[in-house]
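Working notes for the structure below.
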Amino acid sequence: MECSKCDREAVMHAAYSGSHLCEEHFTRSLERRVRRRIREDGLVPDHATPADPDRWLIGLSGGKDSVVLTQILAETFSEDPRIELLALTIHEGIEEYRDESLSASLDLTEELGIRHEVVHYEEEFDVRMDDVAEKDPLGMSPCAYCGVFRRDLLEKYAAELDADKLLTGHNLDDEAQTALMNVLEGDVRQIAKHFDASLGPFDERTIPAGNGSNDDADRSGDDSSARQETFVPRAKPLRDVPEKEVALYAHLRELPAHITECPHASEAYRGEIQSLLQDLEENHPGTRHSILSGYEELASLAAKRYDGAGGDRVELSECERCGSSTSGDVCRKCRLLDAVEDG
């Protein structure tokens, strides 16, 4: 099949748009969508200058999504002194899997000349995810523990590294799944937090200063582990790009991405939502885009509903163990660590 824009052979077909694209037009299209999202979300502030650049911390796992995001950001802002990029990789203590993705991350940042920090669960929490998954003292999926630990370290180091924004590689599939999960669970507060923390354009977010929020928080109604006084807002520049297109881009650009699923991945509910969306997208191309577009508008309304310092927002205090913000005396991260230690 020929490319819809030239006479070269197409490497992909976007059923949601009807386009067939060759390698050149596909890569340019993906990069253009990412850069458009950066503009529409207002990631580059007017006050950023070469003397006082905006510092963006990239959560770099070494997987396809974060590697593609890092590559595009580096190429986009390499000549723009208003933006400073640095990367953070978290080693959870998953034998072989994270070692290989860390190696990919190190190769990428060395090639791009980006400052790269690496932190370890074992050094920070005295736990390794391989051991947590084996013990599983609370009978949860390993992802439930790991998600809380990862969020805590991302937020901690975003603050410690004086980042202005925390960028993650969530793609269209990830965000459409989260949107549908939040809607099906009727969690309007979580929808509002999702908009404020990582979805809304920066000039539309309603989160009050010093009131941290976490869009990927545990859905049990518990606290997030965001640090109240130092909350660093998130952004997701890949969220308009389907997962398969991210993978194809990484392949075509020969990026050092580690494309292997975590051996402990077992989010049963998200897996059901993922399968549902795949079926819907196959039968009705464009479903993911429609879901996320409508969800973002609804999330904006929800954020305004829960705006301000009135009684609608949960009052947070400091965790008596680690200082993270929490709705109780001890944050969820510390309670999970206690359970692992006791187990």
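Residues in the structure tokens are numbered from 1 in each chain, the chains being A, B, ... in the order shown, and ligands are numbered from 1 in the order shown.
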
message: Residues within 7 Å of segment 66-81 of chain A, please, as a VMD selection string. Count only C-alpha atoms; anything in the same chain fewer than 4 positions from it doesn't count.
response: chain A and resid 31 50 53 59 to 62 112 168 to 169 238 246 250 257

Writer output for current selection, N, CA and C atoms, as a PDB file, in the first residue's frame:
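As a result, out22.pdb now contains:
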ATOM      1  N   GLU A  31       5.760  12.912  15.855  1.00  0.00           N
ATOM      2  CA  GLU A  31       6.482  14.017  16.502  1.00  0.00           C
ATOM      3  C   GLU A  31       5.635  15.284  16.531  1.00  0.00           C
ATOM      4  N   PRO A  50      16.634  31.692  29.299  1.00  0.00           N
ATOM      5  CA  PRO A  50      17.911  30.981  29.381  1.00  0.00           C
ATOM      6  C   PRO A  50      18.570  31.121  30.745  1.00  0.00           C
ATOM      7  N   PRO A  53      15.731  28.661  33.291  1.00  0.00           N
ATOM      8  CA  PRO A  53      14.962  27.718  32.465  1.00  0.00           C
ATOM      9  C   PRO A  53      13.962  26.917  33.280  1.00  0.00           C
ATOM     10  N   GLY A  59      10.345  10.808  33.730  1.00  0.00           N
ATOM     11  CA  GLY A  59      10.353   9.480  34.335  1.00  0.00           C
ATOM     12  C   GLY A  59      10.744   8.465  33.272  1.00  0.00           C
ATOM     13  N   LEU A  60      12.008   8.063  33.273  1.00  0.00           N
ATOM     14  CA  LEU A  60      12.567   7.222  32.210  1.00  0.00           C
ATOM     15  C   LEU A  60      12.741   5.791  32.701  1.00  0.00           C
ATOM     16  N   SER A  61      11.837   4.917  32.301  1.00  0.00           N
ATOM     17  CA  SER A  61      11.907   3.520  32.726  1.00  0.00           C
ATOM     18  C   SER A  61      12.812   2.694  31.822  1.00  0.00           C
ATOM     19  N   GLY A  62      13.001   3.152  30.590  1.00  0.00           N
ATOM     20  CA  GLY A  62      13.735   2.362  29.606  1.00  0.00           C
ATOM     21  C   GLY A  62      12.815   1.605  28.672  1.00  0.00           C
ATOM     22  N   LEU A 112      22.218  11.301  24.314  1.00  0.00           N
ATOM     23  CA  LEU A 112      21.543  12.596  24.193  1.00  0.00           C
ATOM     24  C   LEU A 112      22.178  13.676  25.052  1.00  0.00           C
ATOM     25  N   THR A 168       5.822  12.057  32.112  1.00  0.00           N
ATOM     26  CA  THR A 168       5.793  10.598  32.025  1.00  0.00           C
ATOM     27  C   THR A 168       5.332  10.175  30.633  1.00  0.00           C
ATOM     28  N   GLY A 169       5.621   8.920  30.280  1.00  0.00           N
ATOM     29  CA  GLY A 169       5.373   8.436  28.930  1.00  0.00           C
ATOM     30  C   GLY A 169       4.040   7.751  28.737  1.00  0.00           C
ATOM     31  N   LEU A 238       2.662  12.232  25.395  1.00  0.00           N
ATOM     32  CA  LEU A 238       2.391  11.130  24.450  1.00  0.00           C
ATOM     33  C   LEU A 238       0.927  10.698  24.467  1.00  0.00           C
ATOM     34  N   VAL A 246       3.679   4.132  19.182  1.00  0.00           N
ATOM     35  CA  VAL A 246       4.885   4.424  19.965  1.00  0.00           C
ATOM     36  C   VAL A 246       5.919   3.325  19.741  1.00  0.00           C
ATOM     37  N   ALA A 250       9.667   3.655  17.975  1.00  0.00           N
ATOM     38  CA  ALA A 250      10.906   3.214  18.625  1.00  0.00           C
ATOM     39  C   ALA A 250      11.674   2.253  17.725  1.00  0.00           C
ATOM     40  N   ALA A 257      15.174   0.884  23.356  1.00  0.00           N
ATOM     41  CA  ALA A 257      14.054   0.626  24.263  1.00  0.00           C
ATOM     42  C   ALA A 257      14.006  -0.846  24.642  1.00  0.00           C
TER      43      ALA A 257
END

task: Skip Leu298 of chain A itself and residues of its chain fewer than 6 positions away, then list as an MDAnalysis selection string all residues within 10 Å of it, counting only C-alpha atoms.
output: chainID A and resid 183 188 191:192 195 292

field: Contacts of Leu102 of chain A at 9 Å (only C-alpha atoms; same-chain gap of 3+ positions) as a list in words
entry: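 The filter keeps Leu60, Ser61, Gly62, Thr89, Ile90, His91, Tyr97, Arg98, Asp99, Ser105, Leu106, Asp107, Val118 and His258 of chain A.
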
- request: as JSON, numbers by chain, please: all residues of segment 81-185 of chain A that backbone DSSP puts in helix (DSSP H, G or I).
  value: {"A": [97, 98, 99, 100, 101, 102, 103, 104, 105, 106, 107, 108, 109, 110, 111, 112, 121, 122, 123, 124, 125, 129, 130, 131, 132, 133, 134, 135, 142, 143, 144, 145, 146, 147, 148, 149, 150, 151, 152, 153, 154, 155, 156, 157, 158, 159, 160, 172, 173, 174, 175, 176, 177, 178, 179, 180, 181, 182, 183, 184]}

task: Could you give me, as an NGL selection string, the residues within 12 Å of Arg8 of chain A, counting only C-alpha atoms and dropping anything in the same chain fewer than 6 positions from it?
output: :A and (1-2 or 20-26)

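The gap separating atom CA of Phe231 of chain A from atom CA of Glu318 of chain A is 13.2 Å, in Å to one decimal.
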
query: Near Tyr269 of chain A, counting only C-alpha atoms, which residues have an atom at most 12 Å away, once you skip same-chain residues fewer than 5 positions from it, shown as an NGL selection string?
result: :A and (141 or 143-144 or 177-178 or 180-182 or 184-185 or 219 or 274-276)

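Atom CA of Ala176 of chain A lies 11.3 Å from atom CA of Gly286 of chain A.
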
- request: Write down as a list in words the residues belonging to segment 67-311 of chain A that are assigned strand (DSSP E or B) by DSSP computed on the backbone.
  value: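 The strand (DSSP E or B) subset of segment 67-311 of chain A is Ile83, Glu84, Leu85, Leu86, Ala87, Leu88, Thr89, Ile90, His91, Arg115, His116, Glu117, Val118, Val119, His120, Lys165, Leu166, Leu167, Arg234 and Ala235 of chain A.
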
task: Find the spatial neighbours of Ala235 of chain A, counting only C-alpha atoms, within a cut-off of 7 Å - ignore same-chain residues fewer than 2 positions away - and output them as a PyMOL selection string.
output: chain A and resi 166-168+198-199+233+237

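Atom to atom, atom CA of Asp41 of chain A and atom CA of Ala197 of chain A stand 12.3 Å apart.
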
Spatial neighbours of segment 43-48 of chain A, max dist 9 Å, only C-alpha atoms, sep filter under 2 positions, as number ranges by chain: A: 37-41, 50-54, 81-83, 165, 201-202, 235

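Residue nearest Arg151 of chain A within the list A:Leu277, A:Ala14, A:Ala133, A:Val232: A:Val232 [criterion: smallest interatomic distance, only C-alpha atoms].
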
Give me, as CSV, each residue of segment 23-141 of chain A that comes within 12 Å of segment 157-161 of chain A, together with its shortest interatomic pair and the distance in Å at one decimal, counting only C-alpha atoms, with rows ordered by chain and rising residue number.
residue,atom,partner,partner_atom,distance
A:Arg55,CA,A:Leu161,CA,9.0
A:Trp56,CA,A:Ala158,CA,8.8
A:Leu57,CA,A:Ala158,CA,6.5
A:Ile58,CA,A:Ala158,CA,9.2
A:Gly59,CA,A:Ala158,CA,9.4
A:Glu84,CA,A:Leu161,CA,11.8
A:Leu85,CA,A:Leu161,CA,11.3
A:Leu86,CA,A:Leu161,CA,9.2
A:Ala87,CA,A:Ala158,CA,9.9
A:Leu88,CA,A:Tyr157,CA,8.1
A:Thr89,CA,A:Tyr157,CA,10.4
A:Ile90,CA,A:Tyr157,CA,10.3
A:Arg115,CA,A:Leu161,CA,11.2
A:His116,CA,A:Leu161,CA,11.1
A:Glu117,CA,A:Tyr157,CA,9.2
A:Val118,CA,A:Tyr157,CA,10.1
A:Val119,CA,A:Tyr157,CA,9.0
A:His120,CA,A:Tyr157,CA,11.9
A:Glu124,CA,A:Tyr157,CA,11.3

Using the selection just defined, write its residues with C-alpha atoms as a CSV table (one decimal), in the first residue's frame.
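Generated file (out-v3.csv):
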chain,number,residue,atom,x,y,z
A,55,ARG,CA,13.3,22.2,34.5
A,56,TRP,CA,11.5,19.1,33.3
A,57,LEU,CA,12.1,15.7,34.9
A,58,ILE,CA,11.4,12.7,32.7
A,59,GLY,CA,10.4,9.5,34.3
A,84,GLU,CA,16.3,22.0,30.9
A,85,LEU,CA,15.8,18.2,30.7
A,86,LEU,CA,16.9,15.6,33.2
A,87,ALA,CA,15.8,12.0,33.6
A,88,LEU,CA,15.0,9.7,36.6
A,89,THR,CA,15.0,5.9,36.5
A,90,ILE,CA,13.7,3.9,39.4
A,115,ARG,CA,21.6,14.3,33.2
A,116,HIS,CA,20.4,11.0,34.5
A,117,GLU,CA,19.6,10.1,38.1
A,118,VAL,CA,19.0,6.5,39.3
A,119,VAL,CA,17.3,5.5,42.5
A,120,HIS,CA,16.6,2.0,44.0
A,124,GLU,CA,15.1,4.0,49.7

Kindly assemble as a tab-separated table a list of the segment 116-188 of chain A residues that lie within 12 Å of segment 325-328 of chain A, each paired with its nearest atom pair and their distance in Å to one decimal, using only C-alpha atoms, sorted first by chain and then by ascending residue number.
residue	atom	partner	partner_atom	distance
A:Asp152	CA	A:Ser325	CA	10.5
A:Glu155	CA	A:Ser325	CA	11.3
A:Lys156	CA	A:Ser325	CA	11.4
